[in-house]
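File shown: start37.txt. Contents: compact mmCIF, C-alpha atoms.
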```txt
# COMPACT_ATOMS: atom_id res chain seq x y z
CA LYS I 1 119.89 108.13 89.90
CA GLY I 2 118.48 105.41 87.67
CA LEU I 3 116.52 105.79 84.44
CA VAL I 4 114.75 103.31 82.18
CA ARG I 5 113.29 104.84 79.02
CA ALA I 6 111.39 103.20 76.17
CA ASP I 7 110.85 105.66 73.36
CA GLY I 8 109.12 105.10 70.03
CA ALA I 9 106.75 102.61 68.45
CA GLY I 10 108.26 99.14 68.46
CA SER I 11 110.28 99.83 71.62
CA ARG I 12 109.45 97.40 74.40
CA VAL I 13 110.59 96.67 77.95
CA VAL I 14 109.66 93.34 79.57
CA ALA I 15 110.45 92.77 83.25
CA GLY I 16 109.18 91.27 86.49
CA ARG I 17 109.00 93.49 89.57
CA VAL I 18 110.28 97.05 89.09
CA MET I 19 111.21 99.53 91.82
CA ALA I 20 111.50 103.12 90.60
CA GLY I 21 113.22 105.15 93.28
CA VAL I 22 114.42 102.51 95.74
CA ASP I 23 118.00 102.83 97.05
CA GLY I 24 118.30 106.07 95.09
CA GLU I 25 116.12 108.22 92.86
CA GLY I 26 114.61 106.37 89.93
CA ARG I 27 112.53 107.00 86.86
CA LEU I 28 110.63 104.91 84.32
CA ASP I 29 109.51 106.56 81.07
CA ALA I 30 107.47 105.12 78.21
CA LEU I 31 107.04 107.55 75.31
CA HIS I 32 105.72 107.79 71.74
CA GLY I 33 104.04 104.41 71.37
CA ALA I 34 106.51 102.36 73.41
CA GLN I 35 105.29 99.36 75.45
CA VAL I 36 106.29 98.34 79.00
CA ASP I 37 105.10 94.92 80.22
CA LEU I 38 105.69 94.01 83.87
CA THR I 39 104.74 90.52 85.02
CA SER I 40 104.84 91.53 88.70
CA ASP I 41 104.46 94.72 90.77
CA LEU I 42 105.63 98.30 90.33
CA TYR I 43 106.86 100.28 93.36
CA VAL I 44 107.32 104.03 92.87
CA GLY I 45 109.34 105.82 95.57
CA GLY I 46 111.23 104.00 98.33
CA ASN I 47 114.09 104.39 100.77
CA ASP I 48 117.82 104.67 100.18
CA GLN I 49 119.62 102.17 102.39
CA ASN I 50 122.97 103.55 101.23
CA LEU I 51 122.07 106.94 102.68
CA GLY I 52 120.78 105.79 106.03
CA ASN I 53 117.29 104.93 104.76
CA GLU I 54 116.66 108.46 103.55
CA ARG I 55 113.85 108.88 101.07
CA ALA I 56 114.33 108.02 97.42
CA ASP I 57 111.82 109.61 95.06
CA GLY I 58 110.39 107.78 92.06
CA LEU I 59 108.66 108.98 88.91
CA VAL I 60 106.82 106.99 86.23
CA THR I 61 105.72 108.74 83.02
CA ILE I 62 103.50 107.09 80.40
CA ARG I 63 102.69 109.47 77.56
CA SER I 64 102.22 110.03 73.85
CA ASP I 65 100.38 106.77 73.07
CA ALA I 66 102.75 104.64 75.16
CA ALA I 67 101.39 101.78 77.27
CA LEU I 68 102.16 100.12 80.60
CA SER I 69 100.83 96.71 81.63
CA VAL I 70 101.51 95.72 85.26
CA ARG I 71 100.05 93.63 88.08
CA ASP I 72 99.87 95.88 91.18
CA VAL I 73 101.11 99.46 91.58
CA PHE I 74 102.27 101.01 94.88
CA VAL I 75 102.96 104.75 94.68
CA GLY I 76 104.74 106.38 97.62
CA ASN I 77 106.44 103.37 99.18
CA VAL I 78 108.28 105.14 102.05
CA GLY I 79 109.68 107.72 99.58
CA LYS I 80 107.63 110.13 97.52
CA GLY I 81 106.28 108.66 94.28
CA GLU I 82 104.48 110.05 91.25
CA VAL I 83 102.82 108.48 88.21
CA PHE I 84 101.90 110.70 85.27
CA VAL I 85 99.80 109.41 82.36
CA SER I 86 99.19 111.89 79.56
CA ASP I 87 98.73 112.55 75.83
CA GLY I 88 97.13 109.20 75.05
CA GLY I 89 99.15 107.10 77.49
CA VAL I 90 97.45 103.87 78.61
CA VAL I 91 97.91 101.87 81.83
CA GLU I 92 96.36 98.50 82.72
CA SER I 93 96.76 97.03 86.20
CA ASP I 94 95.11 95.12 89.01
CA GLU I 95 95.41 96.81 92.44
CA VAL I 96 96.64 100.40 92.79
CA VAL I 97 97.62 102.08 96.07
CA ILE I 98 98.41 105.82 96.10
CA GLY I 99 100.22 106.80 99.30
CA TYR I 100 101.35 103.31 100.24
CA GLN I 101 103.69 104.04 103.17
CA VAL I 102 105.00 107.54 102.50
CA PRO I 103 105.08 109.65 105.72
CA ASP I 104 103.42 113.06 105.84
CA SER I 105 106.79 114.77 106.23
CA LEU I 106 107.87 113.70 102.72
CA GLY I 107 104.85 115.12 100.89
CA ARG I 108 102.05 113.38 99.07
CA ALA I 109 102.19 110.50 96.63
CA ALA I 110 100.33 111.29 93.42
CA ALA I 111 98.90 109.82 90.23
CA THR I 112 97.57 111.95 87.37
CA ILE I 113 95.69 110.86 84.25
CA THR I 114 95.21 113.76 81.89
CA GLY I 115 94.39 114.53 78.28
CA PRO I 116 92.19 112.93 75.61
CA GLY I 117 92.93 109.25 75.09
CA SER I 118 94.81 108.89 78.37
CA SER I 119 93.40 106.08 80.50
CA TRP I 120 94.00 103.76 83.43
CA THR I 121 92.03 100.53 83.68
CA LEU I 122 92.27 98.82 87.06
CA ARG I 123 90.36 96.62 89.49
CA GLN I 124 91.01 97.97 93.00
CA LEU I 125 92.02 101.56 93.82
CA SER I 126 93.02 102.86 97.24
CA ILE I 127 93.92 106.55 97.59
CA GLY I 128 95.71 107.59 100.80
CA ASN I 129 96.47 104.18 102.29
CA PRO I 130 97.78 104.84 104.87
CA GLY I 131 100.06 107.69 103.75
CA PRO I 132 98.78 110.83 101.99
CA GLY I 133 97.86 110.40 98.34
CA ASP I 134 96.42 112.48 95.49
CA PHE I 135 94.56 111.10 92.49
CA VAL I 136 93.70 113.41 89.59
CA VAL I 137 91.72 112.71 86.43
CA SER I 138 91.62 115.77 84.19
CA ASN I 139 90.83 117.21 80.78
CA GLY I 140 89.67 114.11 78.94
CA GLY I 141 91.45 111.50 81.06
CA LEU I 142 89.59 108.27 81.83
CA VAL I 143 89.79 105.85 84.77
CA VAL I 144 87.79 102.62 84.73
CA ASN I 145 87.41 100.19 87.63
CA VAL I 146 86.66 96.79 86.14
CA SER I 147 85.14 93.82 87.95
CA THR I 148 86.30 90.23 87.78
CA PRO I 149 84.21 87.15 88.69
CA GLY I 150 83.58 87.31 92.42
CA THR I 151 85.52 90.56 92.85
CA PRO I 152 83.70 93.78 91.97
CA GLY I 153 85.86 96.78 91.13
CA GLN I 154 86.16 99.06 94.16
CA SER I 155 87.65 102.49 94.81
CA ASN I 156 88.34 103.95 98.27
CA VAL I 157 89.29 107.56 98.91
CA ASN I 158 90.73 107.10 102.40
CA PRO I 159 91.00 109.77 105.15
CA THR I 160 94.44 110.89 103.92
CA GLY I 161 93.35 110.71 100.28
CA ILE I 162 92.26 113.46 97.89
CA ALA I 163 90.65 112.65 94.54
CA ARG I 164 89.79 115.19 91.87
CA VAL I 165 87.97 114.74 88.57
CA SER I 166 88.32 118.01 86.71
CA GLY I 167 87.74 119.45 83.27
CA PRO I 168 85.67 118.61 80.20
CA PHE I 169 85.32 114.90 79.45
CA ALA I 170 87.34 113.82 82.50
CA ARG I 171 85.66 110.58 83.60
CA TRP I 172 85.94 108.08 86.44
CA GLN I 173 83.85 104.91 86.15
CA SER I 174 83.78 102.68 89.23
CA HIS I 175 81.67 99.80 90.50
CA GLY I 176 81.84 100.89 94.14
CA LEU I 177 83.13 104.22 95.44
CA ALA I 178 83.64 104.93 99.14
CA VAL I 179 84.75 108.41 100.22
CA PHE I 180 86.47 108.65 103.61
CA GLY I 181 88.61 111.62 102.53
CA GLN I 182 87.96 114.28 99.88
CA LEU I 183 86.44 113.92 96.41
CA THR I 184 85.98 116.90 94.10
CA ILE I 185 84.14 116.73 90.76
CA GLU I 186 84.51 120.03 88.96
CA ALA I 187 84.62 121.99 85.71
CA GLY I 188 82.77 119.38 83.64
CA GLY I 189 84.23 116.22 85.15
CA SER I 190 81.98 113.20 85.75
CA VAL I 191 81.89 110.15 88.00
CA THR I 192 79.74 107.08 87.46
CA SER I 193 79.49 104.34 90.08
CA THR I 194 77.17 101.43 90.79
CA PHE I 195 76.94 102.30 94.47
CA GLY I 196 78.67 104.79 96.73
CA SER I 197 79.05 106.18 100.21
CA ILE I 198 80.43 109.28 101.90
CA ALA I 199 81.64 108.35 105.38
CA SER I 200 81.42 110.65 108.41
CA THR I 201 85.05 111.67 107.77
CA GLY I 202 84.43 112.25 104.07
CA SER I 203 83.38 115.16 101.89
CA THR I 204 82.37 115.39 98.26
CA SER I 205 81.96 118.54 96.17
CA VAL I 206 80.26 118.62 92.76
CA THR I 207 80.57 122.04 91.22
CA GLN I 208 80.56 123.97 87.94
CA GLY I 209 78.53 123.35 84.83
CA GLY I 210 78.49 119.84 83.43
CA SER I 211 80.02 118.25 86.52
CA ARG I 212 78.01 115.27 87.73
CA TRP I 213 77.93 112.10 89.78
CA ASP I 214 75.57 109.41 88.44
CA ILE I 215 74.83 106.62 90.88
CA PRO I 216 71.95 104.19 91.57
CA GLN I 217 72.35 104.30 95.36
CA LEU I 218 74.16 106.73 97.67
CA SER I 219 74.65 106.91 101.43
CA VAL I 220 75.83 110.19 102.98
CA ALA I 221 77.23 110.22 106.53
CA GLY I 222 79.66 113.07 105.82
CA THR I 223 79.20 116.16 103.65
CA LEU I 224 77.92 116.44 100.08
CA ALA I 225 78.05 119.92 98.50
CA VAL I 226 76.54 120.62 95.09
CA ALA I 227 76.74 124.05 93.47
CA ASN I 228 77.13 126.20 90.36
CA GLY I 229 75.66 123.81 87.79
CA GLY I 230 76.88 120.61 89.45
CA GLN I 231 74.48 117.64 89.48
CA VAL I 232 74.09 114.46 91.49
CA GLU I 233 71.71 111.93 89.96
CA VAL I 234 70.69 109.06 92.26
CA ASP I 235 68.42 106.72 90.32
CA GLY I 236 67.40 104.75 93.41
CA GLU I 237 67.64 105.76 97.08
CA LEU I 238 69.60 108.60 98.62
CA THR I 239 70.15 107.93 102.32
CA ILE I 240 71.31 110.80 104.53
CA GLU I 241 72.57 109.38 107.81
CA PRO I 242 72.20 111.26 111.15
CA THR I 243 75.70 112.74 110.73
CA GLY I 244 75.15 113.50 107.04
CA VAL I 245 74.85 116.98 105.56
CA VAL I 246 73.79 117.86 102.01
CA ASN I 247 74.43 121.46 100.97
CA LEU I 248 72.57 122.64 97.87
CA ASP I 249 74.16 125.93 96.97
CA PRO I 250 73.09 128.19 94.07
CA GLY I 251 72.93 126.28 90.79
CA GLY I 252 73.39 122.86 92.39
CA THR I 253 70.90 120.03 91.79
CA VAL I 254 70.36 116.68 93.48
CA ARG I 255 67.79 114.38 91.90
CA THR I 256 66.84 111.09 93.55
CA GLY I 257 64.17 108.46 93.09
CA GLN I 258 63.73 108.07 96.84
CA LEU I 259 64.95 110.00 99.88
CA ASP I 260 65.60 108.63 103.37
CA ASN I 261 66.67 111.67 105.36
CA LEU I 262 67.92 111.25 108.92
CA GLY I 263 70.42 114.10 108.65
CA THR I 264 70.43 117.67 107.33
CA VAL I 265 69.60 119.17 103.94
CA ASN I 266 70.50 122.82 103.45
CA ALA I 267 68.82 124.24 100.34
CA ASN I 268 70.80 127.45 99.95
CA GLY I 269 69.63 128.35 96.47
CA GLY I 270 70.04 124.84 95.05
CA THR I 271 67.43 122.27 94.08
CA LEU I 272 66.42 118.88 95.51
CA ILE I 273 64.11 116.75 93.35
CA VAL I 274 62.58 113.56 94.74
CA GLY I 275 60.64 111.10 92.64
```

Could I get this structure in the form of structure tokens?
Amino acid sequence: KGLVRADGAGSRVVAGRVMAGVDGEGRLDALHGAQVDLTSDLYVGGNDQNLGNERADGLVTIRSDAALSVRDVFVGNVGKGEVFVSDGGVVESDEVVIGYQVPDSLGRAAATITGPGSSWTLRQLSIGNPGPGDFVVSNGGLVVNVSTPGTPGQSNVNPTGIARVSGPFARWQSHGLAVFGQLTIEAGGSVTSTFGSIASTGSTSVTQGGSRWDIPQLSVAGTLAVANGGQVEVDGELTIEPTGVVNLDPGGTVRTGQLDNLGTVNANGGTLIVG
């Protein structure tokens, strides 16, 4: 087992590429205002060549006002990997892949951003690619997809991916958001995106008071369910494709400036407002 720990304000680790959990279990911790600067990529979870290529789990923890700066992050690289950002921890990166190559038999790769002041700023996010991956933003955590010249920030929740934005003040801000897997916005969480789509394999649930998805344009070829105080606000056009289903259950509201409906809308006690 390997451990790198930076603890306390003024503590700093500077490195190139880091593999946490490759050729044995590994862990990287940044705590209490410490700073970790990586000039290359971070791999979390790999394989142990010394044990016949058996899995090697990796864990990265950034918490208590600590910070991590890194180029690209790959979580679940053959072995199971987890990244946990909490209590004011801050991460800045370019591309992030959750569920990079981890097989189903080893469990799901995961990244969690939780608590007020905890944030992850990134450019490209892929959840469940191609292995299973979970991405959770909760209880005041913040994720921001930023755009660079010629490259808009994009997030994909792939077929093996599950994303959840849960709890008061949990926020996910993305330029583009494509859902091929599962996205849940609940218990006061919110998502804001410039454009978005729910593929035929995808499903999105917006539920419980204060939960909302704000978006100028949305295409639904899969399933969108809104209930129990959840809201979806589409400033421009909501397109429901022939395979698309929108379920408006009690307390759910979808408001759109324009509706192009080729699919199915089930108003089961919820509200659809057009115009």

Shortest interatomic distance to Asn139 of chain I - which of I:Thr61, I:Ser126, I:Thr112, I:Thr121, counting only C-alpha atoms: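 Ranked by minimum distance to Asn139 of chain I, first place goes to I:Thr112.
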
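When all atoms listed in the file are used to measure the gap to Thr114 of chain I, the shortest distance among I:Gly196, I:Gly16, I:Gly167, I:Gly251 belongs to I:Gly167.
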
Between I:Pro116, I:Gly76, I:Gly244, I:Gly202, smallest distance to Ala221 of chain I by all atoms listed in the file belongs to I:Gly244

Closest of I:Arg5, I:Arg27, I:Arg123, I:Arg255 to Gln154 of chain I, counting only C-alpha atoms, is I:Arg123

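Using all atoms listed in the file, the smallest distance between any of I:Gly33, I:Gly176, I:Gly270, I:Gly209 and Val157 of chain I comes from I:Gly176.
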
Report as a tab-separated table: every residue of segment 125-236 of chain I with an atom at most 12 Å from segment 78-96 of chain I, its closest pair of atoms, and their distance in Å to one decimal, counting all atoms listed in the file, with rows sorted by chain and ascending residue number.
```
residue	atom	partner	partner_atom	distance
I:Leu125	CA	I:Val96	CA	4.9
I:Ser126	CA	I:Val96	CA	6.2
I:Ile127	CA	I:Val96	CA	8.3
I:Gly128	CA	I:Val96	CA	10.8
I:Asn129	CA	I:Val96	CA	10.2
I:Pro130	CA	I:Val78	CA	10.9
I:Gly131	CA	I:Val78	CA	8.8
I:Pro132	CA	I:Lys80	CA	9.9
I:Gly133	CA	I:Gly81	CA	9.5
I:Asp134	CA	I:Glu82	CA	9.4
I:Phe135	CA	I:Val83	CA	9.7
I:Val136	CA	I:Phe84	CA	9.7
I:Val137	CA	I:Val85	CA	9.6
I:Ser138	CA	I:Ser86	CA	9.7
I:Asn139	CA	I:Ser86	CA	10.0
I:Gly140	CA	I:Asp87	CA	9.7
I:Gly141	CA	I:Ser86	CA	7.9
I:Leu142	CA	I:Val90	CA	9.6
I:Val143	CA	I:Val91	CA	9.5
I:Val144	CA	I:Glu92	CA	9.7
I:Asn145	CA	I:Asp94	CA	9.3
I:Val146	CA	I:Asp94	CA	9.1
I:Ser147	CA	I:Asp94	CA	10.1
I:Thr148	CA	I:Asp94	CA	10.2
I:Thr151	CA	I:Asp94	CA	11.3
I:Pro152	CA	I:Asp94	CA	11.9
I:Gly153	CA	I:Asp94	CA	9.6
I:Gln154	CA	I:Glu95	CA	9.7
I:Ser155	CA	I:Val96	CA	9.4
I:Asn156	CA	I:Val96	CA	10.6
I:Val157	CA	I:Val96	CA	11.9
```

* Which residues, protein or nucleic acid, reach to within 6 Å of (82.8, 123.5, 85.1) in the file's coordinates when using only C-alpha atoms, and can you give that as a ChimeraX atom specification? -> /I:186-188,208-210

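Across the model, the gap from atom CA of Met19 of chain I to atom CA of Val73 of chain I is 10.1 Å.
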
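With distances taken from (69.6, 121.5, 99.1) and restricted to all atoms listed in the file, the residues inside 9 Å are Ala225, Val226, Val246, Asn247, Leu248, Asp249, Gly252, Thr253, Val254, Val265, Asn266, Ala267, Asn268, Gly269, Gly270, Thr271 and Leu272 of chain I.
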
Grab all the atoms of segment 127-135 of chain I that the file lists, wrap them in a box along x, y and z, add 8 Å per side, and give me centre plus edge lengths in Å (one decimal) as JSON.
```
{"center_x": 97.0, "center_y": 108.3, "center_z": 98.7, "size_x": 22.1, "size_y": 24.3, "size_z": 28.4}
```

Contacts of Gly26 of chain I within 7 Å, all atoms listed in the file, excl. fewer than 3 positions in-chain, as a list in words |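 Once the nearby chain positions are removed, what remains is Lys1, Gly2, Leu3, Ala20, Gly21, Val22, Asp57, Gly58 and Leu59 of chain I.
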
Between I:Leu183, I:Ile240, I:Ala110, I:Val206, smallest distance to Asp260 of chain I by only C-alpha atoms belongs to I:Ile240

- prompt: Could you work out how far atom CA of Gly230 of chain I lies from atom CA of Arg212 of chain I, giving the answer in Å with one decimal?
  reply: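 Atom CA of Gly230 of chain I lies at a distance of 5.7 Å from atom CA of Arg212 of chain I.
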
Taken to one decimal, the atom CA of Thr194 of chain I-atom CA of Ser174 of chain I distance is 6.9 Å

Practice item. Do a neighbour search on Gly189 of chain I at 6 Å with all atoms listed in the file, toss out local chain neighbours closer than 5 positions, and write the hits as a VMD selection string. Key: chain I and resid 165 to 170 211

Keeping only C-alpha atoms, write the selected residues as a PDB file, in the frame of the given file.
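This is the output file part-v2.pdb:
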```
ATOM      1  CA  VAL I 165      87.970 114.740  88.570  1.00  0.00           C
ATOM      2  CA  SER I 166      88.320 118.010  86.710  1.00  0.00           C
ATOM      3  CA  GLY I 167      87.740 119.450  83.270  1.00  0.00           C
ATOM      4  CA  PRO I 168      85.670 118.610  80.200  1.00  0.00           C
ATOM      5  CA  PHE I 169      85.320 114.900  79.450  1.00  0.00           C
ATOM      6  CA  ALA I 170      87.340 113.820  82.500  1.00  0.00           C
ATOM      7  CA  SER I 211      80.020 118.250  86.520  1.00  0.00           C
TER       8      SER I 211
END
```

Exercise: Gly181 of chain I partners within 7 Å, all atoms listed in the file, chain neighbours under 6 positions left out, as a PDB file with C-alpha atoms, in the coordinates of the input:
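Everything below was put into selection25.pdb:
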```pdb
ATOM      1  CA  VAL I 157      89.290 107.560  98.910  1.00  0.00           C
ATOM      2  CA  ASN I 158      90.730 107.100 102.400  1.00  0.00           C
ATOM      3  CA  PRO I 159      91.000 109.770 105.150  1.00  0.00           C
ATOM      4  CA  THR I 160      94.440 110.890 103.920  1.00  0.00           C
ATOM      5  CA  GLY I 161      93.350 110.710 100.280  1.00  0.00           C
ATOM      6  CA  ILE I 162      92.260 113.460  97.890  1.00  0.00           C
ATOM      7  CA  THR I 201      85.050 111.670 107.770  1.00  0.00           C
ATOM      8  CA  GLY I 202      84.430 112.250 104.070  1.00  0.00           C
ATOM      9  CA  SER I 203      83.380 115.160 101.890  1.00  0.00           C
TER      10      SER I 203
END
```

| Can you list, as a ChimeraX atom specification, every protein, DNA or RNA residue that comes within 9 Å of Gln217 of chain I when you count only C-alpha atoms, leaving out same-chain residues fewer than 3 positions away? | /I:193-197,234-239,256
